[in-house]
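Colleague: My structure is below; once you've seen it, I'll send some questions.
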Amino acid sequence: MVTSNIFHCRKNSWPPEEYISRHTLQLFDFDSAGPPKQAWRRRLNSHANLLKEFSITFKEAIKMVRLGIRLWSYVREEASHGRKAPIDPFTRESCKPSASQGVPLGGMGSGSISRGFRGEFRQWQIVPGTCDPSPVMANQFSIFISRDGGNKKYASVLAPGHHEGLGKASDEGISSWGWNLSGQHSTYHALFPRAWTIYDGEPDPDLKVSCRQISPFIPHNYKDTSLPTAVFVYTLVNTGKERAKVSLLLTWANSIGGVSHLSGDHVNEPFIGEDGVSGVLLHHKTGKGNPPVTFAIAACETQNVNVTVLPCFGLAEGRSVTAREMWGKMMQDGQFDRENFNCGPSIPSSPGEALCAAVSASAWVEPHGKCTIAFSLAWSSPKIKFLKGSSYHRRYTKFYGTSERAALNLAHDALTNYKRWEEEIEKWQSPILNDERLPEWYKFTLFNELYFLVAGGTVWIDSSLPSTNVKNDQDLPMNGESVDVKVTEAKVNREHSTVVEHSSTTSSCNGSTDDSDIPRNKGSCNHLSHHFKWQDQLDDSDDVGRFLYLEGVEYIMWCTYDVHFYASFALLKLFPKIELNIQLDFAKAVLSEDGRKVKFLAEGNYGIRKVRGAVPHDLGTHDPWNEMNAYNIHDTSKWKDLNPKFVLQVYRDFAATGDMSFGVDVWPAVRTAMEYMEQFDRDDDGLIENDGFPDQTYDTWTVHGVSAYCGCLWLAALQAAAAMAEQIGDKFFAETCKTKFFTAKSAFEKKLWNGSYFNYDSGSSSNSKSIQADQLAGQWYTASSGLAPLFDEFKTRNALQKIYDFNVMKVKGGRMGAVNGMHPNGKVDETCMQSREIWTGVTYGVAANMILAGMEKEAFTTAEGIFTAGWSEDGFGYWFQTPEAWTTDGHFRSLIYMRPLAIWGMQWALSIPKAILDAPKINMMDRILISPATFSLSLTGNRVRKIAKKAKWFRNSNPRLVRVY
């Protein structure tokens, strides 16, 4: 833990005075109009350079040729069914990735829209698992200014330059607008979930403009954080001697990007709401049978602000009003006609036609006066439908209902509640921002990496509402045969304080396609989730729904568990109830078995989709929760890291929240997960062995024998399982894990410790002695959970120092993060593509481990490499799209990726929750009652375990009071 100001004695990383004049900052020093000094910054005229994509070497291509052929065939097969494969390295987006991203809009789980730092709306993710990165250029804010006397007039789109895709100024479309902003005196400031754009005398030299973007991302607030809405608050300061009439314009296309952009049948209609909130609803008919989406764009009318609308305009001749004519009207009058509010719904758009709407808000600003104008954007898509049929209602419908017109109420409430949102956001962020011990870059990178929980693809459903159980014919067995799906359900018998397991079997069956939201009648074919019901249902106040988030926008798998291991610190710290629910989903999954056959592409062999006792790699792609393990490169039931990671995460969450009800619920799955791993200890030394293929999260990096990564995770899992067993009351299992721990630890150190660090593995390959950055991942979780160290301090600190000296400092002087593998001679391990990569999330995890080991200076230097390469002005341009990995020459792999949320593991290490600090410590040196010679985790025939009376008492007393301090 950090106890003094030991970091980087230098000026602030991003002093605001270098971007905005001190005078302008003083003018905006009220009502949150000015950006905080701790913010990420970029000038609007900065070049958004194209990013350099990763490519494999010829040697790697030869090794992977068979996998490539099988993967290509699989991608084509999925495409023939109208589905996108979860991993598709062959299809490239038409919009090449560039360094243009900014803070995304909206809360979590209801679809997201990103907004680039120069103002463009892009990265459309309204339909789950679908992302269109291309900007919709008609979506813009513009400004029109006239002064008394009429001798000064200014008009411009509030985005710099002549963007790619714009045509000639003589066109009828948006090219005819005034793209007059240079961006030289305008700056963007980001501190997620807010952003500020300051126009310092552009386009009017005597008008200062601040646009503040606010989204309802509020820790521990499980209502507002689910809302698909954002607010844009414009603060106008007139420094001139003449009164100015200022009109701000929001234009919006009836589009969610992608295939339905010009598909037709879209309708716009104006509205006048309560409290002066007026605007336009844009009803969008999506493609490929996806549920419709309704946008609301609105502004708030006040005594000084007049709101008018143009419900429809087109981008070409054919509509009664074109984009050119709309712009001309604003140039002349600064507003639209009031009677436009009475025109009702528009004629549906024709195929190929772009249908747009506009909202104008006008105000007079006195000389040296100030004025505020607020706009809101909301989108309502209450129902989500996954490609294999299952449908659910989004979380926000619990509060706003399922009507498409909920967008109107969302837009209204955003404009009336945003000040409260900001107060809660500032209350959350201020302690960290004001902590003088912490370097400036860390503060804003910590918050800005949270962008992924919005823009990374998240789904948050209201579990209290029904879902359809729909299966398409193409998803059923080829020959009509039934496929058994075995589900083991664990229940806690309160009266007798025991854990009981029983099994049931379901078969797939032919059912008619039903797109309603009514559950199937009794006797129909049910999904697995029907069986996954815990004994106790949460009451309404504690029900926070169910949550999914993607591994990344390129790897379309929900809740990828080996990666969640790194990212989960963010959810546990900020939304612990969501984190516990994800763990419950995986606990249920551990006890299930899905016997459907799957082809594994790396080897070309077949296996079953989900093995009982194995933690799934993910919760699925096209039918999450019901069809798990979308990942099919390797058979992950043979991976060695998933089960230990489950045990470690569950124990950390259990210790941090003190939720005994959660602990009792997941305990059968923890026991089963530990028992399952026994099969991988083939020489009875207590350690699990890897099997000579990439059987862990580094899924191209082969491992032989005992490995530092998986072996360390296994040691930590044994200790965590022992600690949890003691607290749950399963004393016998606690003792067995203790015994196993000591045997395994001795073997681990004997086989891998070389006096300086732990070797990569115990094999004899060319990289067996490599220095792996992630070799102490188990110790990271051990320390994060308040457990005793796995190794003596000498070994832990020596290994971390070796990683720092070699994996960090020998790569560009420490300015890129920690490379995954490094030979002891100081050369990067190029065994495979992953050994030579720098993984952003792993680097943050290593830094967290260093903090916990008392190596704060090394920790922040290590993590600063990710900031320097990814976020700094001199870096590669990965802000708000932090990739999974980059190479030492800056080529990225997999943008917008889950694992970099591990920076919250650093914050966890800096502020360990009180519940963990105060928790009773397990003493691994207690008397061992079981002989190692007869020890086994699997105790066949003894499936009923007594649960301690204290566990029963805790379970019945105030369950689910979860908050992590």
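We label chains A, B, ... in the order they appear in the structure tokens, count residues from 1 in each chain, and number ligands from 1 in the order shown.
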Once DSSP has gone over the backbone, tell me which residues of stretch 275-386 of chain A are in strand (DSSP E), as a PyMOL selection string.
Modeller: chain A and resi 277-284+293-300+305-314+355-365+370-380+383-385
Colleague: Kindly save the residues from that selection, with N, CA and C atoms included, as a short mmCIF file (atom, residue, chain, number, x, y, z; two decimals), in the first residue's frame.
Modeller:
```
data_model
loop_
_atom_site.label_atom_id
_atom_site.label_comp_id
_atom_site.auth_asym_id
_atom_site.auth_seq_id
_atom_site.Cartn_x
_atom_site.Cartn_y
_atom_site.Cartn_z
N VAL A 277 -38.91 20.13 -22.07
CA VAL A 277 -38.07 19.22 -22.86
C VAL A 277 -38.80 18.90 -24.16
N SER A 278 -38.20 19.27 -25.28
CA SER A 278 -38.81 19.06 -26.59
C SER A 278 -37.77 18.50 -27.55
N GLY A 279 -38.25 17.80 -28.58
CA GLY A 279 -37.31 17.23 -29.53
C GLY A 279 -37.98 16.38 -30.57
N VAL A 280 -37.25 15.37 -31.04
CA VAL A 280 -37.72 14.49 -32.10
C VAL A 280 -37.44 13.05 -31.71
N LEU A 281 -38.42 12.18 -31.97
CA LEU A 281 -38.22 10.73 -31.86
C LEU A 281 -37.90 10.18 -33.25
N LEU A 282 -36.92 9.32 -33.32
CA LEU A 282 -36.53 8.70 -34.57
C LEU A 282 -36.69 7.19 -34.43
N HIS A 283 -37.72 6.66 -35.07
CA HIS A 283 -38.03 5.23 -34.97
C HIS A 283 -37.29 4.48 -36.07
N HIS A 284 -36.41 3.59 -35.66
CA HIS A 284 -35.52 2.91 -36.62
C HIS A 284 -35.87 1.43 -36.70
N VAL A 293 -35.27 0.15 -32.79
CA VAL A 293 -34.61 1.11 -31.90
C VAL A 293 -35.28 2.47 -32.09
N THR A 294 -35.51 3.17 -31.01
CA THR A 294 -36.03 4.54 -31.10
C THR A 294 -35.04 5.49 -30.44
N PHE A 295 -34.62 6.50 -31.17
CA PHE A 295 -33.78 7.56 -30.63
C PHE A 295 -34.65 8.74 -30.20
N ALA A 296 -34.18 9.46 -29.21
CA ALA A 296 -34.77 10.75 -28.86
C ALA A 296 -33.65 11.77 -28.80
N ILE A 297 -33.78 12.86 -29.55
CA ILE A 297 -32.87 13.99 -29.41
C ILE A 297 -33.70 15.15 -28.90
N ALA A 298 -33.20 15.82 -27.88
CA ALA A 298 -34.03 16.82 -27.20
C ALA A 298 -33.17 17.93 -26.63
N ALA A 299 -33.80 19.04 -26.34
CA ALA A 299 -33.17 20.15 -25.63
C ALA A 299 -34.17 20.69 -24.63
N CYS A 300 -33.67 21.40 -23.64
CA CYS A 300 -34.52 21.89 -22.56
C CYS A 300 -34.78 23.39 -22.74
N VAL A 305 -33.99 30.21 -23.19
CA VAL A 305 -33.63 29.28 -24.27
C VAL A 305 -34.88 28.87 -25.02
N ASN A 306 -34.86 29.04 -26.33
CA ASN A 306 -35.99 28.69 -27.19
C ASN A 306 -35.63 27.44 -27.99
N VAL A 307 -36.48 26.41 -27.95
CA VAL A 307 -36.22 25.14 -28.63
C VAL A 307 -37.18 24.97 -29.81
N THR A 308 -36.64 24.68 -30.98
CA THR A 308 -37.44 24.38 -32.15
C THR A 308 -36.87 23.13 -32.82
N VAL A 309 -37.65 22.53 -33.72
CA VAL A 309 -37.22 21.27 -34.33
C VAL A 309 -37.52 21.27 -35.82
N LEU A 310 -36.75 20.48 -36.53
CA LEU A 310 -37.06 20.10 -37.91
C LEU A 310 -37.12 18.58 -37.91
N PRO A 311 -38.33 18.00 -37.91
CA PRO A 311 -38.45 16.55 -37.73
C PRO A 311 -37.80 15.73 -38.84
N CYS A 312 -37.77 16.26 -40.06
CA CYS A 312 -37.23 15.47 -41.17
C CYS A 312 -36.45 16.35 -42.14
N PHE A 313 -35.30 15.88 -42.53
CA PHE A 313 -34.61 16.41 -43.71
C PHE A 313 -33.80 15.29 -44.32
N GLY A 314 -33.50 15.44 -45.60
CA GLY A 314 -32.77 14.40 -46.32
C GLY A 314 -31.40 14.87 -46.72
N LEU A 355 -32.73 9.45 -43.58
CA LEU A 355 -33.72 10.30 -42.93
C LEU A 355 -33.10 10.90 -41.68
N CYS A 356 -33.09 12.23 -41.58
CA CYS A 356 -32.43 12.91 -40.47
C CYS A 356 -33.39 13.86 -39.78
N ALA A 357 -33.01 14.28 -38.59
CA ALA A 357 -33.81 15.25 -37.82
C ALA A 357 -32.87 16.24 -37.17
N ALA A 358 -33.43 17.37 -36.72
CA ALA A 358 -32.62 18.42 -36.10
C ALA A 358 -33.38 19.07 -34.95
N VAL A 359 -32.63 19.41 -33.91
CA VAL A 359 -33.16 20.17 -32.77
C VAL A 359 -32.28 21.41 -32.60
N SER A 360 -32.92 22.56 -32.54
CA SER A 360 -32.19 23.82 -32.36
C SER A 360 -32.56 24.42 -31.01
N ALA A 361 -31.56 24.97 -30.31
CA ALA A 361 -31.78 25.69 -29.05
C ALA A 361 -31.08 27.04 -29.16
N SER A 362 -31.84 28.12 -29.00
CA SER A 362 -31.31 29.46 -29.21
C SER A 362 -31.42 30.29 -27.94
N ALA A 363 -30.44 31.19 -27.75
CA ALA A 363 -30.46 32.06 -26.57
C ALA A 363 -29.68 33.33 -26.88
N TRP A 364 -30.03 34.40 -26.20
CA TRP A 364 -29.25 35.64 -26.24
C TRP A 364 -28.26 35.63 -25.08
N VAL A 365 -27.02 36.00 -25.39
CA VAL A 365 -25.99 36.08 -24.36
C VAL A 365 -25.51 37.52 -24.28
N LYS A 370 -23.16 34.94 -19.35
CA LYS A 370 -23.03 33.50 -19.47
C LYS A 370 -24.40 32.89 -19.70
N CYS A 371 -24.42 31.77 -20.38
CA CYS A 371 -25.68 31.07 -20.65
C CYS A 371 -25.41 29.58 -20.76
N THR A 372 -26.39 28.76 -20.36
CA THR A 372 -26.28 27.31 -20.43
C THR A 372 -27.41 26.74 -21.27
N ILE A 373 -27.07 25.86 -22.19
CA ILE A 373 -28.04 25.16 -23.04
C ILE A 373 -27.75 23.67 -22.95
N ALA A 374 -28.77 22.88 -22.67
CA ALA A 374 -28.56 21.44 -22.47
C ALA A 374 -29.35 20.62 -23.49
N PHE A 375 -28.67 19.66 -24.09
CA PHE A 375 -29.27 18.69 -25.00
C PHE A 375 -29.18 17.30 -24.38
N SER A 376 -30.08 16.43 -24.79
CA SER A 376 -29.96 15.03 -24.39
C SER A 376 -30.15 14.13 -25.60
N LEU A 377 -29.53 12.98 -25.51
CA LEU A 377 -29.67 11.92 -26.51
C LEU A 377 -30.03 10.65 -25.75
N ALA A 378 -31.05 9.96 -26.21
CA ALA A 378 -31.44 8.69 -25.60
C ALA A 378 -31.80 7.71 -26.71
N TRP A 379 -31.66 6.42 -26.42
CA TRP A 379 -32.08 5.41 -27.37
C TRP A 379 -32.76 4.29 -26.61
N SER A 380 -33.81 3.79 -27.17
CA SER A 380 -34.59 2.74 -26.52
C SER A 380 -34.69 1.54 -27.44
N LYS A 383 -35.89 -4.69 -26.14
CA LYS A 383 -35.76 -6.14 -26.27
C LYS A 383 -34.48 -6.47 -27.03
N ILE A 384 -33.72 -7.40 -26.52
CA ILE A 384 -32.56 -7.88 -27.24
C ILE A 384 -32.81 -9.34 -27.63
N LYS A 385 -32.40 -9.65 -28.83
CA LYS A 385 -32.61 -11.00 -29.35
C LYS A 385 -31.29 -11.54 -29.87
#
```
Colleague: Give the alpha helix (DSSP H) residues of stretch 750-843 of chain A, as assigned by DSSP on the backbone, as a PyMOL selection string.
Modeller: chain A and resi 750-752+777-784+793-803+840-843
Colleague: If you keep C-alpha atoms, can you produce a file of those selected residues as a JSON list (two decimals), in the first residue's frame?
Modeller:
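The result, stored in result.json:
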```json
[["chain", "number", "residue", "atom", "x", "y", "z"],
["A", 750, "LYS", "CA", 11.90, -27.59, -6.50],
["A", 751, "LYS", "CA", 10.94, -27.86, -10.17],
["A", 752, "LEU", "CA", 10.81, -24.20, -11.18],
["A", 777, "ALA", "CA", -0.51, -14.37, -11.04],
["A", 778, "GLY", "CA", -1.54, -16.66, -8.18],
["A", 779, "GLN", "CA", 0.41, -14.59, -5.67],
["A", 780, "TRP", "CA", -1.34, -11.45, -6.99],
["A", 781, "TYR", "CA", -4.72, -12.93, -6.05],
["A", 782, "THR", "CA", -3.43, -14.34, -2.78],
["A", 783, "ALA", "CA", -2.27, -10.90, -1.65],
["A", 784, "SER", "CA", -5.39, -9.20, -3.05],
["A", 793, "GLU", "CA", 9.38, -12.54, 0.53],
["A", 794, "PHE", "CA", 12.80, -13.14, -1.03],
["A", 795, "LYS", "CA", 11.42, -15.29, -3.84],
["A", 796, "THR", "CA", 8.43, -13.03, -4.56],
["A", 797, "ARG", "CA", 10.42, -9.80, -4.66],
["A", 798, "ASN", "CA", 13.31, -11.38, -6.59],
["A", 799, "ALA", "CA", 10.96, -12.73, -9.26],
["A", 800, "LEU", "CA", 9.15, -9.39, -9.58],
["A", 801, "GLN", "CA", 12.47, -7.54, -9.74],
["A", 802, "LYS", "CA", 13.62, -9.89, -12.50],
["A", 803, "ILE", "CA", 10.43, -9.18, -14.44],
["A", 840, "THR", "CA", -1.83, -4.44, -21.57],
["A", 841, "GLY", "CA", -3.98, -6.10, -18.92],
["A", 842, "VAL", "CA", -1.21, -8.43, -17.81],
["A", 843, "THR", "CA", 1.10, -5.43, -17.41]]
```
Colleague: Between A:Trp179, A:Tyr19, A:Tyr154, A:Phe217, which one has atoms that come closest to A:Ile198, using only C-alpha atoms?
Modeller: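 Closest candidate: A:Tyr19.
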Colleague: Given the choices A:Ala587, A:Tyr631, A:Gln26, A:Lys640, which gets closest to A:Asp665 if the distance is worked out from only C-alpha atoms?
Modeller: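 So, comparing all the options, the nearest one is A:Ala587.
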Colleague: So how far away is atom CA of A:Ala788 from atom CA of A:Gly905, in Å?
Modeller: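 For atom CA of A:Gly905 relative to atom CA of A:Ala788, the distance reads 18.2 Å.
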Colleague: Can you check which parts of stretch 227-289 of chain A lie within 7 Å of stretch 348-352 of chain A? Per residue, the shortest pair of atoms and distance in Å to one decimal, counting only C-alpha atoms, sorted by chain and number, as a tab-separated table.
Modeller:
```
residue	atom	partner	partner_atom	distance
A:Leu262	CA	A:Gly352	CA	4.6
A:Ser263	CA	A:Pro351	CA	4.8
A:Gly264	CA	A:Pro351	CA	4.1
A:Asp265	CA	A:Pro348	CA	4.7
A:His266	CA	A:Pro348	CA	5.2
A:Val267	CA	A:Pro348	CA	4.9
```
Colleague: As a VMD selection string, please: the residues near A:Ala909 (cut-off 8 Å, only C-alpha atoms, same-chain neighbours under 3 positions excluded).
Modeller: chain A and resid 1 784 848 to 849 851 to 852 905 to 906 912
Colleague: Give me a file of those residues, with N, CA and C atoms, as a PDB file, in the first residue's frame.
Modeller:
```
ATOM      1  N   MET A   1       0.839  -1.187   0.000  1.00  0.00           N
ATOM      2  CA  MET A   1       0.000   0.000   0.000  1.00  0.00           C
ATOM      3  C   MET A   1       0.880   1.245   0.000  1.00  0.00           C
ATOM      4  N   SER A 784      -4.186 -10.023  -2.880  1.00  0.00           N
ATOM      5  CA  SER A 784      -5.389  -9.201  -3.054  1.00  0.00           C
ATOM      6  C   SER A 784      -6.536  -9.679  -2.175  1.00  0.00           C
ATOM      7  N   ALA A 848       0.083  -4.321 -10.232  1.00  0.00           N
ATOM      8  CA  ALA A 848      -0.675  -4.506  -8.993  1.00  0.00           C
ATOM      9  C   ALA A 848       0.062  -5.446  -8.051  1.00  0.00           C
ATOM     10  N   ASN A 849       0.621  -6.499  -8.600  1.00  0.00           N
ATOM     11  CA  ASN A 849       1.385  -7.456  -7.806  1.00  0.00           C
ATOM     12  C   ASN A 849       2.590  -6.775  -7.152  1.00  0.00           C
ATOM     13  N   ILE A 851       2.827  -3.583  -6.346  1.00  0.00           N
ATOM     14  CA  ILE A 851       2.337  -2.717  -5.266  1.00  0.00           C
ATOM     15  C   ILE A 851       2.129  -3.537  -4.001  1.00  0.00           C
ATOM     16  N   LEU A 852       1.515  -4.699  -4.150  1.00  0.00           N
ATOM     17  CA  LEU A 852       1.234  -5.559  -3.001  1.00  0.00           C
ATOM     18  C   LEU A 852       2.513  -6.085  -2.361  1.00  0.00           C
ATOM     19  N   GLY A 905      -7.084  -3.449 -10.652  1.00  0.00           N
ATOM     20  CA  GLY A 905      -6.348  -4.294  -9.720  1.00  0.00           C
ATOM     21  C   GLY A 905      -5.275  -3.497  -8.997  1.00  0.00           C
ATOM     22  N   MET A 906      -4.710  -2.499  -9.685  1.00  0.00           N
ATOM     23  CA  MET A 906      -3.751  -1.605  -9.030  1.00  0.00           C
ATOM     24  C   MET A 906      -4.446  -0.774  -7.959  1.00  0.00           C
ATOM     25  N   ILE A 912      -6.920  -1.775  -0.277  1.00  0.00           N
ATOM     26  CA  ILE A 912      -7.528  -3.072   0.046  1.00  0.00           C
ATOM     27  C   ILE A 912      -8.765  -2.847   0.912  1.00  0.00           C
TER      28      ILE A 912
END
```
Colleague: Which value, in Å to one decimal, gives the distance between atom CA of A:Ser835 and atom CA of A:Tyr606?
Modeller: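 It comes out at 27.6 Å.
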Colleague: Pick from A:Thr861, A:Thr130, A:Ser568, A:Ser872: nearest to A:Pro439, with only C-alpha atoms counted?
Modeller: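 That would be A:Thr861, the residue with the smallest distance to A:Pro439.
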Colleague: What is the distance, in Å and to one decimal place, between atom CA of A:Glu53 and atom CA of A:Cys832?
Modeller: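 Between atom CA of A:Glu53 and atom CA of A:Cys832 the gap works out to 17.1 Å.
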Colleague: Just want the 10 Å neighbourhood of stretch 219-224 of chain A, counted on only C-alpha atoms, with same-chain residues fewer than 3 positions away dropped. Output as an MDAnalysis selection string.
Modeller: chainID A and resid 106:108 215:216 227:229 395:396 398:399 414 417 421 424:425 428 542:545 571 573:578 962:964
Colleague: Would you pick out the contacts of A:Gln834 at 9 Å or less, using only C-alpha atoms, so that residues sharing its chain but fewer than 2 positions from it are not included, and give the list as an NGL selection string?
Modeller: :A and (698-701 or 820-821 or 830-832 or 836-839 or 885)
